[in-house]
Structures are given as structure tokens and as C-alpha cells.
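Scroll down for the structure; my scribbles are underneath it.
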Amino acid sequence: MSDHYSERDLQREITDLESKSATAARLFDIRRIIGGLFVLYGVIVMIAGFTASDADIDKAEGVNINLWTGLGMLILGLLFLLWLWLRPTAPPPPDALPDEREESGAG
């Protein structure tokens, strides 16, 4: 059995690796992480605002600060996710393959 790759097999493998790399880059986009965390924490803080007692609201001079802060965090997180959806990351440009003549002649 030969371990020699044909040119077509090599190109197909390179294409597969490039698509996996682009998928990984989009998956770990910082906007997705920041947006998701702000949405999650915003919902948690809003729940704390909904369950706030009258004494807690009186401490904040009549303002339900948890509710408003949670709403702000939720809106900010949704804006990050909207930004990600409207302007997705561009895939990295494919690297130019070195010319075989340059490699063999550089001896």
C-alpha cells in the first residue's frame, strides 16, 4: 500500500482543514462569548430584580437597580449577538502554496 497522496487528495484535505479552521474561528469569536455572558448575567440580575423586596428597593432610594442593571446587560448582550449576526467574521485568506520550483532550486 502506498502512502503517496495524489494532487487531488491533497487539495481536498487542504480544503477540509481550511473549512474546519474557519468554523473554529467563528465558534470562538469574542463577540459570541461576551454577548452570551452578558445575556446570561442580565437574565440572572433581572430575576434578582423581580424578586427584590421593598427593603432592597428602599436601600436604593426607590429604584429597582437590579432590574434596570439586568435590563441594560441583557440589551448589551443582545447588541453583541446582533453585531455578530450582521457582520460575521470573514474566513481567513488561504495561504499561497509555495512554488515547487522555488523549494527544489533553493538547495
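Scheme for the C-alpha cells: letters A, B, ... for chains in order shown; per-chain residue numbers from 1; ligand numbers from 1 in order shown.
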
Problem - Near-Phe80 of chain A list (9 Å; only C-alpha atoms; drop same-chain fewer than 5 positions) as a PyMOL selection string - result: chain A and resi 31-32+34-36+38+75+85

Exercise for the section: For segment 50-54 of chain A, work out the shell of residues within 12 Å, counting only C-alpha atoms and skipping chain neighbours fewer than 3 positions away, then give it as an NGL selection string. Expected result: :A and (43-47 or 57-71)

So that I have them on file, write out the residues from the current selection with N, CA and C atoms, as a PDB file, in the first residue's frame.
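After the write, selection13.pdb holds the following:
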```pdb
ATOM      1  N   VAL A  43     -30.041  38.172  32.519  1.00  0.00           N
ATOM      2  CA  VAL A  43     -31.249  37.450  32.922  1.00  0.00           C
ATOM      3  C   VAL A  43     -31.198  37.137  34.417  1.00  0.00           C
ATOM      4  N   ILE A  44     -30.027  36.726  34.907  1.00  0.00           N
ATOM      5  CA  ILE A  44     -29.896  36.423  36.337  1.00  0.00           C
ATOM      6  C   ILE A  44     -30.148  37.665  37.190  1.00  0.00           C
ATOM      7  N   VAL A  45     -29.569  38.789  36.804  1.00  0.00           N
ATOM      8  CA  VAL A  45     -29.744  40.024  37.583  1.00  0.00           C
ATOM      9  C   VAL A  45     -31.185  40.522  37.476  1.00  0.00           C
ATOM     10  N   MET A  46     -31.821  40.345  36.320  1.00  0.00           N
ATOM     11  CA  MET A  46     -33.228  40.738  36.192  1.00  0.00           C
ATOM     12  C   MET A  46     -34.121  39.890  37.095  1.00  0.00           C
ATOM     13  N   ILE A  47     -33.821  38.599  37.204  1.00  0.00           N
ATOM     14  CA  ILE A  47     -34.594  37.748  38.116  1.00  0.00           C
ATOM     15  C   ILE A  47     -34.434  38.246  39.549  1.00  0.00           C
ATOM     16  N   ILE A  57     -35.386  47.793  47.660  1.00  0.00           N
ATOM     17  CA  ILE A  57     -35.684  48.936  46.790  1.00  0.00           C
ATOM     18  C   ILE A  57     -35.528  50.245  47.569  1.00  0.00           C
ATOM     19  N   ASP A  58     -35.918  50.232  48.852  1.00  0.00           N
ATOM     20  CA  ASP A  58     -35.751  51.436  49.681  1.00  0.00           C
ATOM     21  C   ASP A  58     -34.277  51.773  49.889  1.00  0.00           C
ATOM     22  N   LYS A  59     -33.419  50.752  49.970  1.00  0.00           N
ATOM     23  CA  LYS A  59     -31.974  50.993  50.109  1.00  0.00           C
ATOM     24  C   LYS A  59     -31.423  51.739  48.903  1.00  0.00           C
ATOM     25  N   ALA A  60     -31.999  51.488  47.739  1.00  0.00           N
ATOM     26  CA  ALA A  60     -31.536  52.127  46.504  1.00  0.00           C
ATOM     27  C   ALA A  60     -32.360  53.371  46.186  1.00  0.00           C
ATOM     28  N   GLU A  61     -32.952  53.967  47.205  1.00  0.00           N
ATOM     29  CA  GLU A  61     -33.729  55.204  47.088  1.00  0.00           C
ATOM     30  C   GLU A  61     -34.881  55.069  46.095  1.00  0.00           C
ATOM     31  N   GLY A  62     -35.553  53.935  46.170  1.00  0.00           N
ATOM     32  CA  GLY A  62     -36.767  53.740  45.381  1.00  0.00           C
ATOM     33  C   GLY A  62     -36.551  53.220  43.970  1.00  0.00           C
ATOM     34  N   VAL A  63     -35.315  52.931  43.600  1.00  0.00           N
ATOM     35  CA  VAL A  63     -35.017  52.435  42.252  1.00  0.00           C
ATOM     36  C   VAL A  63     -34.705  50.943  42.335  1.00  0.00           C
ATOM     37  N   ASN A  64     -35.349  50.159  41.504  1.00  0.00           N
ATOM     38  CA  ASN A  64     -35.047  48.724  41.449  1.00  0.00           C
ATOM     39  C   ASN A  64     -33.800  48.545  40.583  1.00  0.00           C
ATOM     40  N   ILE A  65     -32.650  48.718  41.224  1.00  0.00           N
ATOM     41  CA  ILE A  65     -31.378  48.776  40.498  1.00  0.00           C
ATOM     42  C   ILE A  65     -31.048  47.454  39.818  1.00  0.00           C
ATOM     43  N   ASN A  66     -31.422  46.344  40.447  1.00  0.00           N
ATOM     44  CA  ASN A  66     -31.147  45.050  39.817  1.00  0.00           C
ATOM     45  C   ASN A  66     -31.945  44.881  38.522  1.00  0.00           C
ATOM     46  N   LEU A  67     -33.162  45.323  38.536  1.00  0.00           N
ATOM     47  CA  LEU A  67     -33.989  45.203  37.333  1.00  0.00           C
ATOM     48  C   LEU A  67     -33.415  46.046  36.190  1.00  0.00           C
ATOM     49  N   TRP A  68     -33.052  47.293  36.486  1.00  0.00           N
ATOM     50  CA  TRP A  68     -32.526  48.170  35.434  1.00  0.00           C
ATOM     51  C   TRP A  68     -31.140  47.744  34.960  1.00  0.00           C
ATOM     52  N   THR A  69     -30.289  47.301  35.890  1.00  0.00           N
ATOM     53  CA  THR A  69     -28.957  46.829  35.501  1.00  0.00           C
ATOM     54  C   THR A  69     -29.068  45.554  34.667  1.00  0.00           C
ATOM     55  N   GLY A  70     -29.938  44.646  35.089  1.00  0.00           N
ATOM     56  CA  GLY A  70     -30.147  43.414  34.325  1.00  0.00           C
ATOM     57  C   GLY A  70     -30.682  43.701  32.929  1.00  0.00           C
ATOM     58  N   LEU A  71     -31.590  44.648  32.831  1.00  0.00           N
ATOM     59  CA  LEU A  71     -32.121  45.022  31.515  1.00  0.00           C
ATOM     60  C   LEU A  71     -31.027  45.609  30.634  1.00  0.00           C
TER      61      LEU A  71
END
```

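The gap separating atom CA of Val39 of chain A from atom CA of Met73 of chain A is 6.5 Å, in Å to one decimal.
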
Practice task
Using only C-alpha atoms, pick whichever of A:Gly77, A:Ile14, A:Trp83, A:Asp56 has the shortest atom-to-atom distance to Leu40 of chain A.
Solution key: A:Gly77

Exercise for the section: Rounded to one decimal place, report the atom CA of Gly49 of chain A-atom CA of Leu37 of chain A distance in Å. Expected result: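 Here the two named atoms are 18.0 Å from each other.
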
Exercise for the section: Please identify which residues in segment 8-91 of chain A DSSP calls alpha helix (DSSP H) from the backbone, and express them as an MDAnalysis selection string. Expected result: chainID A and resid 8:27 30:50 54:59 65:86
